[in-house]
file protein-v3.cif (mmCIF, C-alpha atoms)
data_final
#
loop_
_atom_site.label_atom_id
_atom_site.label_comp_id
_atom_site.auth_asym_id
_atom_site.auth_seq_id
_atom_site.Cartn_x
_atom_site.Cartn_y
_atom_site.Cartn_z
CA MET A 1 -76.11 72.37 316.99
CA LEU A 2 -75.85 68.81 318.32
CA GLY A 3 -75.91 65.58 316.36
CA ILE A 4 -77.33 62.72 318.40
CA GLY A 5 -76.92 59.10 317.33
CA VAL A 6 -78.95 56.31 318.91
CA ASP A 7 -77.87 52.74 318.14
CA ILE A 8 -80.32 50.22 319.60
CA GLY A 9 -78.63 46.84 319.33
CA SER A 10 -80.04 43.49 320.33
CA THR A 11 -77.95 43.48 323.51
CA ALA A 12 -76.88 47.06 324.22
CA THR A 13 -78.17 50.51 323.34
CA LYS A 14 -75.50 53.10 322.60
CA VAL A 15 -75.79 56.89 322.34
CA ALA A 16 -73.28 59.39 320.96
CA VAL A 17 -73.63 63.17 321.04
CA LEU A 18 -71.45 65.32 318.74
CA ASP A 19 -71.14 69.10 318.68
CA ASP A 20 -71.22 71.12 315.45
CA SER A 21 -67.44 70.62 315.10
CA SER A 22 -68.00 66.84 315.12
CA GLU A 23 -66.30 66.52 318.50
CA ILE A 24 -67.68 63.87 320.85
CA VAL A 25 -69.58 65.50 323.71
CA GLU A 26 -70.82 62.28 325.31
CA THR A 27 -71.12 58.55 324.81
CA TRP A 28 -73.56 56.58 326.92
CA MET A 29 -74.71 52.96 327.01
CA ARG A 30 -77.45 50.89 328.65
CA PRO A 31 -78.75 47.32 328.19
CA THR A 32 -81.43 47.09 325.54
CA GLY A 33 -83.37 44.56 327.60
CA PHE A 34 -86.62 42.96 326.52
CA SER A 35 -88.09 45.98 324.72
CA SER A 36 -86.51 48.34 322.19
CA VAL A 37 -89.31 50.79 323.00
CA ASP A 38 -88.33 50.81 326.68
CA ALA A 39 -84.68 51.27 325.69
CA ALA A 40 -85.61 54.24 323.47
CA ASN A 41 -87.64 55.76 326.31
CA GLY A 42 -84.65 55.37 328.61
CA VAL A 43 -82.46 57.15 326.06
CA ALA A 44 -84.96 60.02 325.80
CA GLU A 45 -85.02 60.40 329.59
CA HIS A 46 -81.22 60.46 329.73
CA LEU A 47 -80.86 63.00 326.92
CA GLU A 48 -83.50 65.22 328.49
CA ALA A 49 -81.88 64.99 331.93
CA GLN A 50 -78.51 65.99 330.43
CA GLY A 51 -80.11 69.01 328.73
CA PHE A 52 -79.26 67.88 325.20
CA PHE A 53 -82.84 68.33 323.99
CA GLU A 54 -82.73 72.00 325.02
CA ALA A 55 -80.09 72.82 322.39
CA PRO A 56 -80.76 72.78 318.62
CA HIS A 57 -80.29 69.14 317.67
CA ALA A 58 -81.08 66.34 315.25
CA VAL A 59 -81.44 62.66 316.11
CA VAL A 60 -80.66 59.67 313.87
CA ALA A 61 -81.52 56.13 314.96
CA THR A 62 -79.84 52.95 313.77
CA GLY A 63 -79.42 49.34 314.82
CA TYR A 64 -81.71 46.41 315.50
CA GLY A 65 -84.36 48.57 317.20
CA ARG A 66 -84.04 51.74 315.13
CA VAL A 67 -87.74 51.88 314.22
CA ALA A 68 -88.62 52.08 317.94
CA VAL A 69 -87.20 55.60 318.41
CA PRO A 70 -90.14 58.01 318.06
CA PHE A 71 -88.00 61.14 318.60
CA ALA A 72 -85.61 60.31 315.71
CA ASP A 73 -85.57 62.72 312.77
CA LYS A 74 -84.30 59.95 310.51
CA VAL A 75 -83.65 56.20 310.54
CA VAL A 76 -80.46 54.96 308.85
CA THR A 77 -79.15 51.43 308.24
CA GLU A 78 -76.50 49.90 310.49
CA ILE A 79 -74.01 49.41 307.66
CA THR A 80 -74.00 53.11 306.74
CA CYS A 81 -73.68 54.24 310.36
CA HIS A 82 -71.00 51.72 311.33
CA GLY A 83 -69.01 52.68 308.23
CA LYS A 84 -69.22 56.39 309.01
CA GLY A 85 -68.43 55.84 312.66
CA ALA A 86 -65.38 53.71 311.90
CA ALA A 87 -64.12 56.26 309.36
CA ARG A 88 -64.50 58.95 312.04
CA LEU A 89 -62.71 56.89 314.71
CA PHE A 90 -59.85 55.45 312.68
CA GLY A 91 -59.40 58.17 310.07
CA ARG A 92 -58.43 55.86 307.24
CA ASP A 93 -59.75 53.25 304.85
CA GLY A 94 -59.71 49.58 305.71
CA VAL A 95 -61.86 46.66 306.81
CA VAL A 96 -64.26 47.15 309.70
CA ILE A 97 -65.35 44.08 311.68
CA ASP A 98 -68.28 44.59 314.04
CA VAL A 99 -69.24 41.60 316.19
CA GLY A 100 -72.65 42.36 317.63
CA GLY A 101 -74.99 40.46 319.90
CA GLN A 102 -76.94 38.83 317.09
CA ASP A 103 -74.96 39.50 313.91
CA THR A 104 -71.48 40.10 312.55
CA LYS A 105 -70.74 42.77 309.96
CA VAL A 106 -67.62 43.13 307.79
CA ILE A 107 -67.39 46.45 305.94
CA GLN A 108 -64.86 47.67 303.39
CA LEU A 109 -64.20 51.42 303.60
CA ALA A 110 -62.85 53.33 300.61
CA GLY A 111 -62.68 57.12 300.61
CA GLY A 112 -64.46 57.09 303.96
CA MET A 113 -67.49 55.42 302.37
CA VAL A 114 -68.86 51.87 302.40
CA LYS A 115 -67.65 50.10 299.28
CA LYS A 116 -68.63 46.52 300.11
CA PHE A 117 -70.02 44.61 303.07
CA LEU A 118 -70.90 41.14 304.31
CA MET A 119 -73.33 40.39 307.11
CA ASN A 120 -74.13 37.26 309.09
CA ASP A 121 -77.58 37.77 310.60
CA LYS A 122 -79.05 34.28 310.10
CA CYS A 123 -77.19 32.39 312.81
CA ALA A 124 -75.84 33.28 316.27
CA ALA A 125 -72.59 31.36 315.66
CA GLY A 126 -69.71 33.83 315.46
CA THR A 127 -71.54 36.52 317.45
CA GLY A 128 -71.56 37.91 320.97
CA ARG A 129 -74.66 35.86 321.74
CA PHE A 130 -72.72 32.65 321.02
CA LEU A 131 -70.04 33.68 323.52
CA GLU A 132 -72.69 34.63 326.08
CA ILE A 133 -74.37 31.22 325.81
CA MET A 134 -71.07 29.34 326.09
CA ALA A 135 -69.86 31.46 329.01
CA ASP A 136 -73.13 30.78 330.83
CA ARG A 137 -72.72 27.06 330.18
CA LEU A 138 -69.24 27.20 331.76
CA ALA A 139 -70.55 29.40 334.62
CA VAL A 140 -68.13 32.26 333.90
CA SER A 141 -68.33 35.82 332.59
CA GLN A 142 -67.24 36.60 329.02
CA ALA A 143 -64.10 38.27 330.39
CA GLU A 144 -63.32 35.13 332.42
CA LEU A 145 -64.00 32.99 329.35
CA SER A 146 -61.20 34.79 327.50
CA GLU A 147 -58.80 34.44 330.43
CA LEU A 148 -59.52 30.72 330.62
CA ALA A 149 -59.01 30.41 326.85
CA ARG A 150 -55.64 32.12 327.12
CA ALA A 151 -54.46 29.39 329.50
CA GLY A 152 -56.06 26.48 327.61
CA GLU A 153 -55.05 24.00 324.93
CA PRO A 154 -56.89 23.82 321.60
CA THR A 155 -60.12 21.81 321.68
CA SER A 156 -62.28 21.70 318.59
CA ILE A 157 -65.88 22.97 318.70
CA SER A 158 -66.91 21.85 315.23
CA SER A 159 -70.66 22.50 315.07
CA MET A 160 -71.77 25.47 312.96
CA CYS A 161 -75.03 25.75 314.93
CA THR A 162 -75.12 27.33 318.38
CA VAL A 163 -77.52 24.69 319.72
CA PHE A 164 -75.32 21.80 318.56
CA ALA A 165 -72.16 23.61 319.70
CA GLU A 166 -73.70 23.94 323.17
CA SER A 167 -74.33 20.18 323.12
CA GLU A 168 -70.67 19.66 322.21
CA VAL A 169 -69.62 21.78 325.19
CA ILE A 170 -71.92 19.78 327.50
CA SER A 171 -70.34 16.55 326.23
CA LEU A 172 -66.83 17.92 326.76
CA VAL A 173 -67.72 18.94 330.31
CA GLY A 174 -69.14 15.47 330.92
CA ARG A 175 -65.92 13.86 329.70
CA GLY A 176 -63.91 15.95 332.16
CA GLU A 177 -62.25 18.22 329.62
CA PRO A 178 -60.65 21.17 331.48
CA ARG A 179 -62.66 24.38 331.30
CA GLU A 180 -59.60 26.20 329.97
CA ASN A 181 -59.50 23.90 326.94
CA ILE A 182 -63.24 24.23 326.30
CA ALA A 183 -62.99 28.02 326.56
CA ASN A 184 -60.11 27.96 324.10
CA GLY A 185 -62.21 25.96 321.66
CA VAL A 186 -65.15 28.37 322.03
CA ILE A 187 -63.02 31.47 321.38
CA GLU A 188 -61.27 29.84 318.43
CA SER A 189 -64.65 28.87 316.98
CA VAL A 190 -65.85 32.48 317.03
CA VAL A 191 -62.56 33.89 315.78
CA GLY A 192 -62.48 31.33 312.96
CA ARG A 193 -65.98 32.20 311.76
CA VAL A 194 -65.32 35.94 311.89
CA ALA A 195 -61.98 35.54 310.11
CA THR A 196 -63.64 33.47 307.37
CA MET A 197 -66.09 36.31 306.75
CA ALA A 198 -63.37 38.96 306.83
CA SER A 199 -61.15 37.04 304.41
CA GLY A 200 -63.66 37.87 301.67
CA ILE A 201 -63.01 41.61 302.04
CA ALA A 202 -59.69 43.05 300.84
CA GLY A 203 -57.77 45.56 302.94
CA ASP A 204 -54.51 45.73 304.90
CA GLN A 205 -55.93 47.78 307.78
CA VAL A 206 -58.47 45.94 309.98
CA PHE A 207 -60.54 47.66 312.67
CA LEU A 208 -62.62 45.88 315.30
CA THR A 209 -65.73 47.62 316.64
CA GLY A 210 -68.68 46.42 318.70
CA GLY A 211 -68.87 44.73 322.07
CA LEU A 212 -65.72 42.61 321.65
CA CYS A 213 -63.43 45.53 320.83
CA ASP A 214 -62.24 45.73 324.46
CA ASN A 215 -61.35 42.04 324.60
CA ASP A 216 -57.56 41.97 324.19
CA TYR A 217 -57.40 38.20 323.74
CA ILE A 218 -59.93 38.17 320.90
CA VAL A 219 -58.11 41.07 319.20
CA GLN A 220 -54.87 39.10 319.53
CA ARG A 221 -56.33 35.86 318.18
CA LEU A 222 -58.19 37.57 315.33
CA SER A 223 -54.94 39.28 314.28
CA ALA A 224 -53.13 35.94 314.31
CA VAL A 225 -55.78 34.03 312.35
CA LEU A 226 -56.26 36.81 309.77
CA GLY A 227 -52.53 37.41 309.43
CA ARG A 228 -53.33 41.14 309.61
CA ASN A 229 -52.96 43.56 312.52
CA VAL A 230 -56.37 44.26 314.04
CA ARG A 231 -56.77 47.70 315.63
CA THR A 232 -59.42 49.06 317.94
CA ALA A 233 -60.12 52.39 319.68
CA PRO A 234 -61.49 53.57 323.06
CA ASN A 235 -64.91 54.44 321.60
CA ALA A 236 -65.02 51.62 319.06
CA ARG A 237 -68.09 49.99 320.65
CA PHE A 238 -69.94 53.26 319.89
CA ALA A 239 -69.07 53.28 316.17
CA GLY A 240 -72.68 52.85 315.04
CA ALA A 241 -73.95 55.62 317.33
CA ILE A 242 -71.11 57.95 316.31
CA GLY A 243 -71.86 57.34 312.64
CA ALA A 244 -75.55 58.04 313.27
CA ALA A 245 -74.61 61.29 315.05
CA GLU A 246 -72.48 62.28 312.04
CA VAL A 247 -75.50 61.76 309.79
CA ALA A 248 -77.62 63.78 312.23
CA LEU A 249 -75.23 66.75 311.99
CA GLY A 250 -75.63 66.71 308.23
CA LEU A 251 -79.43 66.92 308.44
CA LYS A 252 -79.41 70.54 309.61
CA LYS A 253 -76.60 71.86 307.41
#
call {"tool": "encode", "arguments": {"input": "protein-v3.cif", "output": "structure tokens"}}
result
Amino acid sequence: MLGIGVDIGSTATKVAVLDDSSEIVETWMRPTGFSSVDAANGVAEHLEAQGFFEAPHAVVATGYGRVAVPFADKVVTEITCHGKGAARLFGRDGVVIDVGGQDTKVIQLAGGMVKKFLMNDKCAAGTGRFLEIMADRLAVSQAELSELARAGEPTSISSMCTVFAESEVISLVGRGEPRENIANGVIESVVGRVATMASGIAGDQVFLTGGLCDNDYIVQRLSAVLGRNVRTAPNARFAGAIGAAEVALGLKK
């Protein structure tokens, strides 16, 4: 019996396959692109090519494009799946921060279950999309943005709106502000917004999932601003898909 989790995010589509002992068989990722339907079709082709559909299985879809997965046995909310996935990855209660492409989620885990959550899905500020826009404006990758920020001096990016913040960056570039300083201001802006959200959720243990979990500099700065050690894990970007796969395993038991 296989549990298959499909997490179609606004930027990336993640897949996790668990065996009946809840061990991870495979994780796989592809860009979501323009169409969630196309992303779901790509997932189906991959799973079929790997032979996963030949075994007894159940599929649970989650994420931004979860309703676009016609082969899913069930659709489950992102909060539930991210909570389950984080509990599976980190094995203890705490605060889960997931910075996605279009939203940021902060989840409190207690007894391996979601006790409380906050979600910013109304504005791109404080999300991966904000970093993508600012990196493009500075003509660097997101990884290069963090390296520049590490070498820069603090420069305030005060606007709460992505559009106005981009205008601020353009003005700073025009004034000759070093790119390192602008990058530092961009990273600090995101970290500050995420930390403000997370400060409303109690918990000594903090876990970072999502696309920024592999960014050492953001983990470092988020730990410093929160005053709490922020942990991550090798498969943390797949937390939603892993949680969905856990739910899928339970469907056939």
call {"tool": "residues_around", "arguments": {"input": "protein-v3.cif", "residues": "Leu172 of chain A", "least_positions_apart": "5", "cutoff": "10 Å", "atoms": "only C-alpha atoms", "output": "MDAnalysis selection string"}}
result
chainID A and resid 155 157 166:167 177:179 181:182
call {"tool": "closest_residue", "arguments": {"input": "protein-v3.cif", "among": "A:Gly112, A:Gly128, A:Gly185, A:His46", "to": "Ala12 of chain A", "atoms": "all atoms listed in the file"}}
result
A:Gly128
call {"tool": "resolve_selection", "arguments": {"input": "protein-v3.cif", "expression": "the PyMOL selection byres ((chain A and resi 87) around 12)", "output": "VMD selection string"}}
result
chain A and resid 80 to 86 88 to 96 107 to 114 205 to 207 209 233 236 239 to 240 242 to 243 246
call {"tool": "residues_around", "arguments": {"input": "protein-v3.cif", "residues": "Gly3 of chain A", "least_positions_apart": "5", "cutoff": "10 Å", "atoms": "only C-alpha atoms", "output": "ChimeraX atom specification"}}
result
/A:16-25,52,56-60,242-252
call {"tool": "resolve_selection", "arguments": {"input": "protein-v3.cif", "expression": "the PyMOL selection byres ((chain A and resi 220) around 12)", "output": "MDAnalysis selection string"}}
result
chainID A and resid 146 150 187:188 191 208 212:219 221:232
call {"tool": "closest_residue", "arguments": {"input": "protein-v3.cif", "among": "A:Val194, A:Leu118, A:Ala39, A:Leu148", "to": "Glu180 of chain A", "atoms": "only C-alpha atoms"}}
result
A:Leu148
call {"tool": "atom_distance", "arguments": {"input": "protein-v3.cif", "atom1": "atom CA of Asp136 of chain A", "atom2": "atom CA of Gly152 of chain A"}}
result
17.9 Å
call {"tool": "closest_residue", "arguments": {"input": "protein-v3.cif", "among": "A:Ala183, A:Phe164, A:Ile170, A:Met29", "to": "Val140 of chain A", "atoms": "all atoms listed in the file"}}
result
A:Ala183
call {"tool": "atom_distance", "arguments": {"input": "protein-v3.cif", "atom1": "atom CA of Gly42 of chain A", "atom2": "atom CA of Ala55 of chain A"}}
result
19.1 Å
call {"tool": "build_atoms", "arguments": {"input": "protein-v3.cif", "residues": "segment 15-27 of chain A", "atoms": "N, CA, C and O atoms", "output": "mmCIF file, keeping the file's coordinate frame"}}
result
data_model
loop_
_atom_site.group_PDB
_atom_site.id
_atom_site.type_symbol
_atom_site.label_atom_id
_atom_site.label_comp_id
_atom_site.auth_asym_id
_atom_site.auth_seq_id
_atom_site.Cartn_x
_atom_site.Cartn_y
_atom_site.Cartn_z
ATOM 1 N N VAL A 15 -75.461 55.511 322.723
ATOM 2 C CA VAL A 15 -75.790 56.890 322.340
ATOM 3 C C VAL A 15 -74.485 57.668 322.182
ATOM 4 O O VAL A 15 -73.556 57.517 322.987
ATOM 5 N N ALA A 16 -74.405 58.472 321.139
ATOM 6 C CA ALA A 16 -73.280 59.390 320.960
ATOM 7 C C ALA A 16 -73.825 60.774 320.651
ATOM 8 O O ALA A 16 -74.765 60.909 319.861
ATOM 9 N N VAL A 17 -73.245 61.782 321.283
ATOM 10 C CA VAL A 17 -73.630 63.170 321.040
ATOM 11 C C VAL A 17 -72.397 63.910 320.519
ATOM 12 O O VAL A 17 -71.340 63.898 321.161
ATOM 13 N N LEU A 18 -72.523 64.542 319.340
ATOM 14 C CA LEU A 18 -71.450 65.320 318.740
ATOM 15 C C LEU A 18 -71.840 66.784 318.690
ATOM 16 O O LEU A 18 -73.021 67.112 318.478
ATOM 17 N N ASP A 19 -70.850 67.684 318.861
ATOM 18 C CA ASP A 19 -71.140 69.100 318.680
ATOM 19 C C ASP A 19 -70.999 69.463 317.208
ATOM 20 O O ASP A 19 -70.702 68.597 316.368
ATOM 21 N N ASP A 20 -71.208 70.745 316.876
ATOM 22 C CA ASP A 20 -71.220 71.120 315.450
ATOM 23 C C ASP A 20 -69.829 71.088 314.820
ATOM 24 O O ASP A 20 -69.692 71.277 313.609
ATOM 25 N N SER A 21 -68.783 70.841 315.636
ATOM 26 C CA SER A 21 -67.440 70.620 315.100
ATOM 27 C C SER A 21 -67.118 69.136 314.978
ATOM 28 O O SER A 21 -65.971 68.758 314.736
ATOM 29 N N SER A 22 -68.128 68.301 315.189
ATOM 30 C CA SER A 22 -68.000 66.840 315.120
ATOM 31 C C SER A 22 -67.148 66.270 316.248
ATOM 32 O O SER A 22 -66.647 65.156 316.143
ATOM 33 N N GLU A 23 -67.002 67.017 317.327
ATOM 34 C CA GLU A 23 -66.300 66.520 318.500
ATOM 35 C C GLU A 23 -67.291 65.764 319.391
ATOM 36 O O GLU A 23 -68.452 66.160 319.526
ATOM 37 N N ILE A 24 -66.811 64.689 320.002
ATOM 38 C CA ILE A 24 -67.680 63.870 320.850
ATOM 39 C C ILE A 24 -67.922 64.587 322.179
ATOM 40 O O ILE A 24 -66.988 64.871 322.926
ATOM 41 N N VAL A 25 -69.178 64.873 322.453
ATOM 42 C CA VAL A 25 -69.580 65.500 323.710
ATOM 43 C C VAL A 25 -69.845 64.442 324.769
ATOM 44 O O VAL A 25 -69.477 64.598 325.934
ATOM 45 N N GLU A 26 -70.496 63.347 324.355
ATOM 46 C CA GLU A 26 -70.820 62.280 325.310
ATOM 47 C C GLU A 26 -71.060 60.976 324.567
ATOM 48 O O GLU A 26 -71.573 60.964 323.449
ATOM 49 N N THR A 27 -70.664 59.887 325.204
ATOM 50 C CA THR A 27 -71.120 58.550 324.810
ATOM 51 C C THR A 27 -71.760 57.930 326.046
ATOM 52 O O THR A 27 -71.313 58.167 327.168
#
